[in-house]
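Asker: Below: one structure in structure tokens.
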Amino acid sequence: ATAVEDKLQDGVPETIETLRRAGCLVWMLTGDKLETAVSIANTCRLIDANGELAIVQESDFVGDATSGNGANPRFLRDKAREATEDAARGCTFGLVIEGGALQHALATEESQSHFLALCRASSGVVCCRASPIQKARVTTLMK
């Protein structure tokens, strides 16, 4: 699915909605600001406009770094556990993670594992303010 000049191609929202209903986890990796990314994700039905939205920002990692490199696997571990429990109860939510937080989520194998668990529990994933290298690392991790 692609967008050109801020206009979605015909059929994109329906296609993404069909993929989600089929159980596929759809990701959007973008350099856009959070507000723009969320708006696009709503428009293309990547996340439910009226659904819950979990937003992970770099500030979520401040003050509790445990690994010495700035990553906080405890934050991601706790968030992933909570999301998995919610998903098991039938709750759905979209996940939005900003580039600064993505840096922490990709920092170690442990944080990557927790990040993937969090993503798998969500109904759609938006990585915004992501750099090209972060997009490549997320794509590799996702595969």
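A note on labels: chains of the structure tokens are A, B, ... as shown, every chain counts residues from 1, and ligands are counted from 1 in their shown order.
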To test your reading of the structure, identify every residue in chain A that backbone DSSP assigns to alpha helix (DSSP H), and report it as a ChimeraX atom specification.
Answerer: /A:12-21,34-43,73-88,99-105,109-121,132-142
Asker: Could you please take those selected residues and save C-alpha atoms as a CSV table (one decimal), in the first residue's frame?
Answerer:
```
chain,number,residue,atom,x,y,z
A,12,VAL,CA,-5.9,0.9,0.2
A,13,PRO,CA,-8.2,1.3,3.2
A,14,GLU,CA,-10.3,-1.7,2.1
A,15,THR,CA,-7.2,-3.8,1.4
A,16,ILE,CA,-5.7,-3.1,4.8
A,17,GLU,CA,-9.0,-3.7,6.6
A,18,THR,CA,-9.2,-7.1,4.8
A,19,LEU,CA,-5.7,-8.0,5.8
A,20,ARG,CA,-6.3,-7.1,9.4
A,21,ARG,CA,-9.6,-9.2,9.5
A,34,LEU,CA,3.1,11.4,15.3
A,35,GLU,CA,-0.1,13.4,14.5
A,36,THR,CA,0.3,13.0,10.8
A,37,ALA,CA,1.1,9.3,11.1
A,38,VAL,CA,-1.9,8.6,13.3
A,39,SER,CA,-4.1,10.5,10.9
A,40,ILE,CA,-2.9,8.5,7.9
A,41,ALA,CA,-3.2,5.2,9.9
A,42,ASN,CA,-6.8,6.1,10.7
A,43,THR,CA,-7.6,7.0,7.1
A,73,PRO,CA,13.8,-3.6,28.6
A,74,ARG,CA,11.7,-3.5,31.8
A,75,PHE,CA,9.4,-0.8,30.3
A,76,LEU,CA,9.0,-2.8,27.1
A,77,ARG,CA,8.6,-6.1,29.0
A,78,ASP,CA,5.9,-4.7,31.2
A,79,LYS,CA,4.1,-3.0,28.3
A,80,ALA,CA,4.3,-6.3,26.2
A,81,ARG,CA,2.9,-8.4,29.1
A,82,GLU,CA,0.0,-5.9,29.7
A,83,ALA,CA,-0.8,-5.9,25.9
A,84,THR,CA,-0.6,-9.6,25.6
A,85,GLU,CA,-3.0,-10.0,28.6
A,86,ASP,CA,-5.4,-7.4,27.1
A,87,ALA,CA,-5.3,-9.2,23.7
A,88,ALA,CA,-6.1,-12.5,25.4
A,99,GLY,CA,11.7,7.2,16.4
A,100,GLY,CA,13.3,8.1,19.7
A,101,ALA,CA,11.5,5.2,21.5
A,102,LEU,CA,12.3,3.0,18.5
A,103,GLN,CA,16.0,3.6,19.1
A,104,HIS,CA,15.5,2.0,22.6
A,105,ALA,CA,13.3,-0.8,21.4
A,109,GLU,CA,18.1,-8.4,21.7
A,110,GLU,CA,16.1,-8.4,24.9
A,111,SER,CA,14.4,-5.1,24.1
A,112,GLN,CA,13.8,-6.3,20.5
A,113,SER,CA,12.1,-9.4,21.8
A,114,HIS,CA,9.8,-7.3,24.1
A,115,PHE,CA,9.1,-4.9,21.3
A,116,LEU,CA,8.0,-7.7,18.9
A,117,ALA,CA,5.8,-9.2,21.6
A,118,LEU,CA,4.1,-5.8,22.1
A,119,CYS,CA,3.7,-5.4,18.3
A,120,ARG,CA,2.2,-8.9,18.0
A,121,ALA,CA,-0.4,-8.1,20.6
A,132,PRO,CA,15.8,5.1,7.1
A,133,ILE,CA,18.1,2.9,9.1
A,134,GLN,CA,15.4,2.3,11.7
A,135,LYS,CA,13.0,1.4,9.0
A,136,ALA,CA,15.5,-1.2,7.7
A,137,ARG,CA,16.1,-2.6,11.2
A,138,VAL,CA,12.4,-2.9,12.0
A,139,THR,CA,11.8,-4.6,8.6
A,140,THR,CA,14.6,-7.1,9.3
A,141,LEU,CA,13.4,-7.7,12.9
A,142,MET,CA,9.8,-8.1,11.7
```
Asker: Any idea what's packed within 7 Å of segment 47-59 of chain A, counting only C-alpha atoms, ignoring anything in its chain fewer than 3 positions away? Could you give it as a compact mmCIF listing (two decimals) with N, CA, C and O atoms, in the first residue's frame?
Answerer:
```
# COMPACT_ATOMS: atom_id res chain seq x y z
N ALA A 41 -2.85 6.60 9.44
CA ALA A 41 -3.19 5.24 9.89
C ALA A 41 -4.70 5.08 10.08
O ALA A 41 -5.26 4.04 9.78
N ASN A 42 -5.35 6.13 10.59
CA ASN A 42 -6.81 6.09 10.72
C ASN A 42 -7.48 6.08 9.34
O ASN A 42 -8.41 5.30 9.10
N VAL A 62 12.93 7.31 29.93
CA VAL A 62 13.79 8.18 30.74
C VAL A 62 13.64 7.83 32.22
O VAL A 62 12.55 7.58 32.71
N THR A 92 -8.51 -4.81 21.74
CA THR A 92 -7.63 -4.49 20.62
C THR A 92 -7.13 -3.06 20.76
O THR A 92 -7.80 -2.21 21.32
N PHE A 93 -5.96 -2.84 20.24
CA PHE A 93 -5.37 -1.50 20.27
C PHE A 93 -4.37 -1.37 19.14
O PHE A 93 -3.82 -2.36 18.66
N GLY A 94 -4.17 -0.14 18.70
CA GLY A 94 -3.14 0.16 17.73
C GLY A 94 -1.90 0.65 18.47
O GLY A 94 -2.01 1.29 19.52
N LEU A 95 -0.74 0.33 17.95
CA LEU A 95 0.51 0.74 18.57
C LEU A 95 1.18 1.78 17.70
O LEU A 95 1.32 1.60 16.49
N VAL A 96 1.58 2.88 18.33
CA VAL A 96 2.35 3.93 17.66
C VAL A 96 3.63 4.12 18.46
O VAL A 96 3.58 4.35 19.67
N ILE A 97 4.77 4.01 17.79
CA ILE A 97 6.05 4.21 18.46
C ILE A 97 6.86 5.23 17.68
O ILE A 97 6.98 5.15 16.45
N GLU A 98 7.37 6.22 18.39
CA GLU A 98 8.16 7.29 17.77
C GLU A 98 9.61 6.86 17.60
O GLU A 98 10.09 5.96 18.31
N GLY A 100 12.47 8.11 18.52
CA GLY A 100 13.32 8.12 19.72
C GLY A 100 13.10 6.88 20.57
O GLY A 100 14.06 6.28 21.09
N ALA A 101 11.86 6.46 20.70
CA ALA A 101 11.54 5.24 21.47
C ALA A 101 11.97 4.01 20.68
O ALA A 101 12.41 3.01 21.26
N SER A 123 -3.21 -4.54 17.06
CA SER A 123 -3.96 -4.78 15.83
C SER A 123 -3.32 -4.09 14.63
O SER A 123 -3.68 -4.36 13.48
N GLY A 124 -2.37 -3.21 14.86
CA GLY A 124 -1.66 -2.50 13.80
C GLY A 124 -0.51 -1.72 14.42
O GLY A 124 -0.61 -1.30 15.58
```
Asker: Could you state the separation of atom CA of Arg129 of chain A and atom CA of Met28 of chain A in Å, given to one decimal place?
Answerer: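 Atom CA of Met28 of chain A lies at a distance of 11.2 Å from atom CA of Arg129 of chain A.
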Asker: Could you check the closest approach to Gly11 of chain A for each of A:Ser122, A:Arg45, A:Leu106, A:Phe61 and tell me which residue wins, using only C-alpha atoms?
Answerer: A:Arg45
Asker: As a compact mmCIF listing (two decimals) with all heavy atoms, in the first residue's frame, please: all residues of segment 1-140 of chain A that backbone DSSP puts in strand (DSSP E).
Answerer:
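Just written: out-v2.txt:
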```txt
# COMPACT_ATOMS: atom_id res chain seq x y z
N ALA A 3 1.14 5.70 -0.51
CA ALA A 3 0.47 7.00 -0.55
C ALA A 3 1.35 7.93 -1.38
O ALA A 3 2.56 7.91 -1.25
CB ALA A 3 0.29 7.56 0.84
N VAL A 4 0.73 8.69 -2.23
CA VAL A 4 1.46 9.64 -3.04
C VAL A 4 0.85 11.01 -2.81
O VAL A 4 -0.37 11.18 -2.91
CB VAL A 4 1.38 9.26 -4.54
CG1 VAL A 4 2.12 10.28 -5.39
CG2 VAL A 4 1.95 7.87 -4.76
N LYS A 7 -2.24 11.43 -0.62
CA LYS A 7 -3.52 10.87 -1.05
C LYS A 7 -3.33 9.37 -1.23
O LYS A 7 -2.47 8.93 -1.97
CB LYS A 7 -3.97 11.51 -2.36
CG LYS A 7 -5.34 11.03 -2.80
CD LYS A 7 -5.79 11.80 -4.02
CE LYS A 7 -7.17 11.48 -4.50
NZ LYS A 7 -7.72 10.20 -4.27
N LEU A 8 -4.16 8.59 -0.54
CA LEU A 8 -4.06 7.14 -0.67
C LEU A 8 -4.54 6.68 -2.04
O LEU A 8 -5.46 7.26 -2.61
CB LEU A 8 -4.93 6.46 0.40
CG LEU A 8 -4.48 6.60 1.84
CD1 LEU A 8 -5.51 5.98 2.76
CD2 LEU A 8 -3.13 5.95 2.05
N TRP A 27 2.01 -3.11 9.31
CA TRP A 27 2.92 -2.11 9.86
C TRP A 27 3.01 -0.92 8.91
O TRP A 27 2.96 -1.08 7.70
CB TRP A 27 4.33 -2.68 10.00
CG TRP A 27 4.47 -3.87 10.87
CD1 TRP A 27 3.80 -5.05 10.78
CD2 TRP A 27 5.37 -4.02 11.96
NE1 TRP A 27 4.22 -5.91 11.74
CE2 TRP A 27 5.20 -5.32 12.48
CE3 TRP A 27 6.32 -3.19 12.54
CZ2 TRP A 27 5.92 -5.79 13.56
CZ3 TRP A 27 7.05 -3.67 13.61
CH2 TRP A 27 6.85 -4.94 14.11
N MET A 28 3.18 0.27 9.48
CA MET A 28 3.46 1.46 8.68
C MET A 28 4.72 2.08 9.25
O MET A 28 4.78 2.41 10.44
CB MET A 28 2.30 2.46 8.77
CG MET A 28 2.55 3.71 7.93
SD MET A 28 1.12 4.83 7.89
CE MET A 28 1.37 5.78 9.38
N LEU A 29 5.73 2.22 8.42
CA LEU A 29 7.00 2.83 8.81
C LEU A 29 7.11 4.15 8.08
O LEU A 29 7.12 4.18 6.85
CB LEU A 29 8.17 1.92 8.46
CG LEU A 29 8.06 0.45 8.88
CD1 LEU A 29 9.24 -0.35 8.39
CD2 LEU A 29 7.92 0.34 10.38
N GLU A 52 -8.59 1.85 20.98
CA GLU A 52 -7.52 2.26 21.89
C GLU A 52 -6.23 2.46 21.10
O GLU A 52 -5.99 1.79 20.09
CB GLU A 52 -7.30 1.19 22.97
CG GLU A 52 -8.48 1.03 23.90
CD GLU A 52 -8.64 2.22 24.84
OE1 GLU A 52 -7.63 2.76 25.31
OE2 GLU A 52 -9.79 2.61 25.07
N LEU A 53 -5.40 3.36 21.58
CA LEU A 53 -4.14 3.65 20.93
C LEU A 53 -3.05 3.69 21.99
O LEU A 53 -3.15 4.45 22.95
CB LEU A 53 -4.24 5.00 20.21
CG LEU A 53 -3.18 5.34 19.18
CD1 LEU A 53 -3.14 4.31 18.07
CD2 LEU A 53 -3.44 6.71 18.60
N ALA A 54 -2.05 2.85 21.85
CA ALA A 54 -0.90 2.85 22.75
C ALA A 54 0.21 3.62 22.05
O ALA A 54 0.65 3.24 20.97
CB ALA A 54 -0.45 1.43 23.06
N ILE A 55 0.64 4.70 22.66
CA ILE A 55 1.70 5.53 22.09
C ILE A 55 2.95 5.38 22.96
O ILE A 55 2.89 5.59 24.16
CB ILE A 55 1.28 7.00 22.00
CG1 ILE A 55 0.05 7.12 21.08
CG2 ILE A 55 2.43 7.87 21.50
CD1 ILE A 55 -0.53 8.52 21.00
N VAL A 56 4.05 4.97 22.32
CA VAL A 56 5.32 4.80 23.02
C VAL A 56 6.26 5.89 22.54
O VAL A 56 6.53 6.01 21.34
CB VAL A 56 5.92 3.40 22.76
CG1 VAL A 56 7.24 3.24 23.49
CG2 VAL A 56 4.93 2.31 23.19
N PHE A 93 -5.96 -2.84 20.24
CA PHE A 93 -5.37 -1.50 20.27
C PHE A 93 -4.37 -1.37 19.14
O PHE A 93 -3.82 -2.36 18.66
CB PHE A 93 -4.68 -1.23 21.62
CG PHE A 93 -3.44 -2.06 21.82
CD1 PHE A 93 -2.19 -1.56 21.50
CD2 PHE A 93 -3.54 -3.35 22.31
CE1 PHE A 93 -1.05 -2.33 21.67
CE2 PHE A 93 -2.41 -4.14 22.48
CZ PHE A 93 -1.17 -3.64 22.17
N GLY A 94 -4.17 -0.14 18.70
CA GLY A 94 -3.14 0.16 17.73
C GLY A 94 -1.90 0.65 18.47
O GLY A 94 -2.01 1.29 19.52
N LEU A 95 -0.74 0.33 17.95
CA LEU A 95 0.51 0.74 18.57
C LEU A 95 1.18 1.78 17.70
O LEU A 95 1.32 1.60 16.49
CB LEU A 95 1.45 -0.47 18.73
CG LEU A 95 2.86 -0.16 19.22
CD1 LEU A 95 2.83 0.37 20.65
CD2 LEU A 95 3.74 -1.40 19.12
N VAL A 96 1.58 2.88 18.33
CA VAL A 96 2.35 3.93 17.66
C VAL A 96 3.63 4.12 18.46
O VAL A 96 3.58 4.35 19.67
CB VAL A 96 1.57 5.26 17.58
CG1 VAL A 96 2.40 6.32 16.89
CG2 VAL A 96 0.24 5.08 16.86
N ILE A 97 4.77 4.01 17.79
CA ILE A 97 6.05 4.21 18.46
C ILE A 97 6.86 5.23 17.68
O ILE A 97 6.98 5.15 16.45
CB ILE A 97 6.81 2.88 18.64
CG1 ILE A 97 8.13 3.10 19.40
CG2 ILE A 97 7.02 2.16 17.33
CD1 ILE A 97 8.78 1.84 19.91
N GLU A 98 7.37 6.22 18.39
CA GLU A 98 8.16 7.29 17.77
C GLU A 98 9.61 6.86 17.60
O GLU A 98 10.09 5.96 18.31
CB GLU A 98 8.09 8.56 18.60
CG GLU A 98 6.73 9.23 18.58
CD GLU A 98 6.75 10.57 19.26
OE1 GLU A 98 7.17 10.66 20.43
OE2 GLU A 98 6.33 11.54 18.61
N GLY A 124 -2.37 -3.21 14.86
CA GLY A 124 -1.66 -2.50 13.80
C GLY A 124 -0.51 -1.72 14.42
O GLY A 124 -0.61 -1.30 15.58
N VAL A 125 0.56 -1.55 13.68
CA VAL A 125 1.76 -0.88 14.21
C VAL A 125 2.14 0.28 13.32
O VAL A 125 2.21 0.14 12.10
CB VAL A 125 2.95 -1.87 14.30
CG1 VAL A 125 4.20 -1.17 14.82
CG2 VAL A 125 2.61 -3.07 15.16
N VAL A 126 2.38 1.43 13.94
CA VAL A 126 2.86 2.62 13.24
C VAL A 126 4.19 3.03 13.89
O VAL A 126 4.24 3.30 15.09
CB VAL A 126 1.87 3.79 13.34
CG1 VAL A 126 2.43 5.03 12.67
CG2 VAL A 126 0.53 3.40 12.75
N CYS A 127 5.24 3.03 13.11
CA CYS A 127 6.54 3.56 13.55
C CYS A 127 6.70 4.91 12.87
O CYS A 127 6.82 4.97 11.64
CB CYS A 127 7.68 2.63 13.16
SG CYS A 127 7.58 0.97 13.85
N CYS A 128 6.65 5.98 13.64
CA CYS A 128 6.73 7.32 13.06
C CYS A 128 8.03 8.00 13.47
O CYS A 128 8.69 7.58 14.41
CB CYS A 128 5.51 8.15 13.45
SG CYS A 128 5.34 8.47 15.21
```
